[in-house]
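Only one structure is covered here, and it is reproduced in the block below.
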Amino acid sequence: MELQTLTYIVVGFTFALYIGIAVWARAGSTKDFYVAGGGINPVQNGMATAADWMSAASFISMAGLIALSYGGYGGSVFLMGWTGGYVILAMLLAPYLRKYGKFTVPEFIGDRFYSKSARAVAVICLIICSVTYVIGQMKGVGVAFSRFLEVDYDTGLYVGMTIVFFYAVLGGMKGITYTQIAQYCVLILAYTIPAIFISLQLTGNPIPQLGLGSTLLGTDVYLLDKLDMVVTDLGFKEYTTNVRLSGINMFAYTLSLMIGTAGLPHVIIRFFTVPKVKDARSSAGWALVFIAILYTTAPAVAGMARLNLMQTIEPTPGEYLKIDERPQWFKNWEKTGLLQIEDKNGDGRIQYSADPAVNEMVKIDNDIMVLANPEIAKLPNWVIALVAAGGLAAALSTAAGLLLAISSAISHDLLKGMLTPNISEKAELNASRIAMAFAIAGAGYLGLNPPGFAAGTVALAFGLAASSIFPALMMGIFSKGITKEGAIAGMVGGIGVTLFYVFQHKGIMFIPGTAFLGDTPANWFMGIEPNAFGCVGAIVNFAIAFAVSRVTAAPPQSVQELVEHIRVPVGSGEATGH
Amino acid sequence: MSPLNEEQSKAYWRRNLSLMIKLLVVWFVVSYGCGIILFDVLNQIQIGGYKLGFWFAQQGSIYVFVGLIFYYSKKMAALDREFGVEEDE
């Protein structure tokens, strides 16, 4: 069957499934809408969390980031950073916040720091983090549509928004949870099936995680040794030892991603949906199991796809691919602009080199490592169609989770918590649906008109969450002495320092030309690149909060009791907004 | 309210913290330790096609993370029972 038709069928089938779930899992109460009724099984929640968490960036871009931009070992910051955060979440935050049993993250911050201002600051931090993150997802939806279904970007975005509208407005967290479970199944199949085939073709081992450490089929040369050899031959740094800038930078980058992960509100609220405190702990483990399936496959995809690409361009050492003989997939992806060649020396062959003066592979987009994988490995068309559905599932599931975090902050924290506290449950449910509709429209608008800073946004969202929300939550649970003044000053200081650092190197609101310090390693604090700065912002947050708390009046007795209360599981009851 | 008296709740919290700190040490060692700080040293050792430091950075640390969470969750469930603060089934 024609690839195009097949892709429409597979993607259409998954969309029908999501809409079916939306109709089945409608929300009947605010509790359904905010926390899916609070009765989600921890394994199911783990699966939904994995889909919530793994975005278009994880699915489409990460393998390429590792293989190309970060040149191998340097990409480990993403692998460790985006998984290690769950250990922190499981031990430092999730069980205690679940015990507290409310609907939103700012609600806890407002109660623990006995202050509506603290809650308002938390809402602002949450909205900044989540909005920067959701722009990337909306772009992912548009891009996936335009690449796979050859509809234009805007149309793709509208279709994606409509689907999310269905299940997020009707079902809130309940609808989102069950669609995320379905989306996880789609995306993990779409990711692992091509990886298994490629691993089999290259090494004869069906498990990509083992294949990456095996010898190449029919030889006694290890795959990674071969890869190191071919990249160094062309002047690139050795794949398995290529450090990202410096050890300190890698350390800071990993730490920022880890605590950013633990501090992202759309991930935290997933743990409010399980029945018990002990479920919150184990559910974090299940989430990481489901995430690890993709995250341990990704480095194998990265290494193998890179090797495949190198060997396509240079089939025998010193002998480059003739431009006329390049394979069909190569031409297909040139059309999309993800690959671009330029025969600089006019010899009719494609020289690939680390030296920009002679390199003729002038553009290799990171996304090509995953998107072109099935074609490079000559897999059947249904696999390619599945990859399309997987990319869309990854983008939609994360977008929906983010939109719920944003809309519940508006309807529950701003409306119910501050502006109209006497609103009835039914009115609040309606308000939450309207807030969701506005959030979708707003995100769609930003997806259609991406602001100039959209390119760097996902990484920025982690830095912001790491420097504002994570420290406030952790101090709220582990210290009884942090005062409202301390917490507010800490959050403002932490997010402020991080934004300042990013803006000083990347431009104010990323507007080119407004950076007052050039974006070069010489100008960086201890050689830490802007994307890795969240952990420094977090340290600033902690330091300010402790210092200010020492000179302000101690928190009231009721807060001491609240902290005691959340530290033991018994008597949690179900999540409640009252 | 907590069914524990002040002394018991302090003891419960201390046990929780000490378990947590031990596990966070492991968390730190496998990722920042083996994957970054000791990377070059561990790369002297090769297991199959993997240099050991590279393996920790791109595979091993993730497996250990999964193990850590389940171990924590199991140990905490036991601690909850010991202090009688587990939730009703």
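A note on labels: chains of the structure tokens are A, B, ... as shown, every chain counts residues from 1, and ligands are counted from 1 in their shown order.
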Write out as CSV the residues of chain B that have any atom within 6 Å of an atom of chain A, one row each with the nearest atom pair and its distance in Å to one decimal, counting only C-alpha atoms, sorted by chain and then rising number.
```
residue,atom,partner,partner_atom,distance
B:Gly48,CA,A:Gly213,CA,5.8
B:Gly49,CA,A:Gly213,CA,4.1
B:Tyr50,CA,A:Gly213,CA,5.1
B:Ala57,CA,A:Ser76,CA,5.6
B:Gln58,CA,A:Ser76,CA,5.6
B:Gln59,CA,A:Thr296,CA,5.7
B:Val66,CA,A:Gly285,CA,5.9
B:Ile69,CA,A:Gly285,CA,5.2
B:Phe70,CA,A:Gly285,CA,5.7
B:Ser73,CA,A:Arg281,CA,5.5
B:Val85,CA,A:Val570,CA,4.8
B:Glu86,CA,A:Val570,CA,5.3
B:Glu87,CA,A:Val570,CA,4.8
```
Residue subset to file, keeping N, CA and C atoms, as a CSV table (one decimal), in the first residue's frame:
```
chain,number,residue,atom,x,y,z
B,48,GLY,N,32.5,-6.2,27.0
B,48,GLY,CA,32.0,-6.3,25.7
B,48,GLY,C,32.5,-5.1,24.9
B,49,GLY,N,31.6,-4.5,24.1
B,49,GLY,CA,32.0,-3.3,23.3
B,49,GLY,C,32.0,-2.0,24.1
B,50,TYR,N,31.5,-2.1,25.3
B,50,TYR,CA,31.3,-0.9,26.1
B,50,TYR,C,32.5,-0.5,26.9
B,57,ALA,N,27.3,6.0,31.9
B,57,ALA,CA,26.7,7.3,31.5
B,57,ALA,C,25.4,7.1,30.6
B,58,GLN,N,25.5,6.1,29.8
B,58,GLN,CA,24.4,5.9,28.8
B,58,GLN,C,23.4,4.8,29.1
B,59,GLN,N,23.8,3.9,30.0
B,59,GLN,CA,23.0,2.7,30.3
B,59,GLN,C,22.8,2.5,31.8
B,66,VAL,N,16.3,2.9,38.5
B,66,VAL,CA,15.0,2.2,38.6
B,66,VAL,C,15.0,1.3,39.8
B,69,ILE,N,14.5,3.3,43.2
B,69,ILE,CA,13.2,3.7,43.5
B,69,ILE,C,12.4,2.6,44.1
B,70,PHE,N,12.5,1.4,43.5
B,70,PHE,CA,11.7,0.3,44.0
B,70,PHE,C,12.2,-0.2,45.4
B,73,SER,N,10.9,2.2,47.9
B,73,SER,CA,9.5,2.1,48.1
B,73,SER,C,9.2,0.8,48.9
B,85,VAL,N,2.2,3.2,60.7
B,85,VAL,CA,1.6,4.4,60.1
B,85,VAL,C,1.2,4.2,58.6
B,86,GLU,N,1.1,2.8,58.3
B,86,GLU,CA,0.7,2.6,56.9
B,86,GLU,C,-0.8,2.9,56.7
B,87,GLU,N,-1.2,3.1,55.5
B,87,GLU,CA,-2.6,3.4,55.2
B,87,GLU,C,-3.4,2.2,55.2
```
Hey, what's within 12 Å of A:Gln504 if we count only C-alpha atoms and toss same-chain stuff fewer than 4 positions away? As a list of chain:residue names, please? A:Gly496, A:Val497, A:Thr498, A:Leu499, A:Phe500, A:Ile508, A:Met509, A:Phe510, A:Ile511, A:Pro512, A:Gly513, A:Thr514, A:Ala515, A:Phe516, A:Leu517, A:Gly518, A:Asp519, A:Thr520, A:Asn523, A:Trp524, A:Phe525, A:Glu529, A:Pro530
What's the separation between atom CA of A:His505 and atom CA of A:Cys125, in Å to one decimal place?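 If I compute the distance from atom CA of A:His505 to atom CA of A:Cys125, I get 21.3 Å.
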Give me, as a list of chain:residue names, all polymer residues having an atom no more than 7 Å from A:Arg306, counting only C-alpha atoms and skipping those fewer than 4 positions away in the same chain.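 Contacts, in chain order: A:Ala67, A:Ala302, A:Met310.
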Write the selection just made, keeping C-alpha atoms, as a PDB file, in the first residue's frame?
```pdb
ATOM      1  CA  ALA A  67      24.523  11.393  18.026  1.00  0.00           C
ATOM      2  CA  ALA A 302      21.946   7.278  18.280  1.00  0.00           C
ATOM      3  CA  MET A 310      28.595   7.558   8.117  1.00  0.00           C
TER       4      MET A 310
END
```
Using only C-alpha atoms, which protein or nucleic acid residues come within 12 Å of B:Val41? Drop anything in the same chain fewer than 3 positions from it, and give the result as a PyMOL selection string. (chain A and resi 241) or (chain B and resi 33-38+44-46+51-54)
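Across B:Ala11, B:Ile47, B:Ser61, B:Asn5, the tightest approach to B:Tyr32 is made by B:Ser61 when counting only C-alpha atoms.
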Report as CSV: every residue of stretch 120-205 of chain A with an atom at most 12 Å from stretch 332-352 of chain A, its closest pair of atoms, and their distance in Å to one decimal, counting only C-alpha atoms, with rows sorted by chain and ascending residue number.
```
residue,atom,partner,partner_atom,distance
A:Val143,CA,A:Thr336,CA,10.6
A:Ala144,CA,A:Thr336,CA,11.7
A:Ser146,CA,A:Thr336,CA,9.3
A:Arg147,CA,A:Thr336,CA,7.3
A:Phe148,CA,A:Thr336,CA,10.3
A:Glu150,CA,A:Thr336,CA,10.0
```
Since we have the selection now, will you write its residues out, keeping N, CA and C atoms, as a short mmCIF file (atom, residue, chain, number, x, y, z; two decimals), in the first residue's frame?
```cif
data_model
loop_
_atom_site.label_atom_id
_atom_site.label_comp_id
_atom_site.auth_asym_id
_atom_site.auth_seq_id
_atom_site.Cartn_x
_atom_site.Cartn_y
_atom_site.Cartn_z
N VAL A 143 5.04 20.08 13.14
CA VAL A 143 6.14 19.54 12.34
C VAL A 143 5.88 18.08 11.98
N ALA A 144 5.40 17.29 12.95
CA ALA A 144 5.14 15.88 12.68
C ALA A 144 4.10 15.73 11.57
N SER A 146 3.37 17.95 9.22
CA SER A 146 3.82 18.41 7.92
C SER A 146 4.83 17.44 7.31
N ARG A 147 5.62 16.77 8.14
CA ARG A 147 6.60 15.84 7.57
C ARG A 147 5.99 14.53 7.13
N PHE A 148 5.05 14.02 7.92
CA PHE A 148 4.57 12.67 7.63
C PHE A 148 3.33 12.67 6.76
N GLU A 150 2.23 15.39 4.99
CA GLU A 150 2.32 16.40 3.94
C GLU A 150 1.16 17.37 3.93
#
```
Give the helix (DSSP H, G or I) residues of stretch 223-290 of chain A, as DSSP finds them on the backbone, and put them as a PyMOL selection string. chain A and resi 223-233+239-241+247-263+265-272+277-290
I'd like to know which of B:Val25, B:Leu19, B:Val30, B:Leu4 is closest to B:Ile62, using only C-alpha atoms. B:Val30
Which one of A:Ser69, A:Leu97, A:Pro521, A:Gly444 sits closest to A:Gly263 if you count only C-alpha atoms?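 Of the candidates, the smallest distance to A:Gly263 is held by A:Leu97.
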Considering only C-alpha atoms, state which residue in the set A:Ile495, A:Ile196, A:Ile181, A:Ala354 is at the smallest distance from A:Ile40.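 Smallest separation from A:Ile40 among the options: A:Ile181.
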With only C-alpha atoms as the basis for distance, which of B:Tyr72, B:Trp55, B:Phe83, B:Tyr63 is at the shortest distance from B:Glu7?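 So, comparing all the options, the nearest one is B:Phe83.
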Identify, with DSSP run on backbone atoms, the residues in chain B assigned to strand (DSSP E), and express the list as a PyMOL selection string. chain B and resi 46-47+50-51
Can I get the selection written as a PDB file, in the first residue's frame, with C-alpha atoms?
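Writing done, so here's again-v4.pdb:
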```pdb
ATOM      1  CA  GLN B  46      35.946  -2.674  28.863  1.00  0.00           C
ATOM      2  CA  ILE B  47      32.879  -4.903  29.063  1.00  0.00           C
ATOM      3  CA  TYR B  50      31.260  -0.872  26.096  1.00  0.00           C
ATOM      4  CA  LYS B  51      33.890   1.187  27.877  1.00  0.00           C
TER       5      LYS B  51
END
```
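If you count only C-alpha atoms and ignore residues fewer than 5 places along the chain from B:Leu79, what sits within 9 Å of it is Tyr12, Arg15, Asn16, Lys74, Gly84, Val85 and Glu86 of chain B.
Counting only C-alpha atoms, the residue from A:Ser468, A:Ser61, A:Asn41, A:Ser55 that sits nearest to A:Asp365 is A:Ser61.
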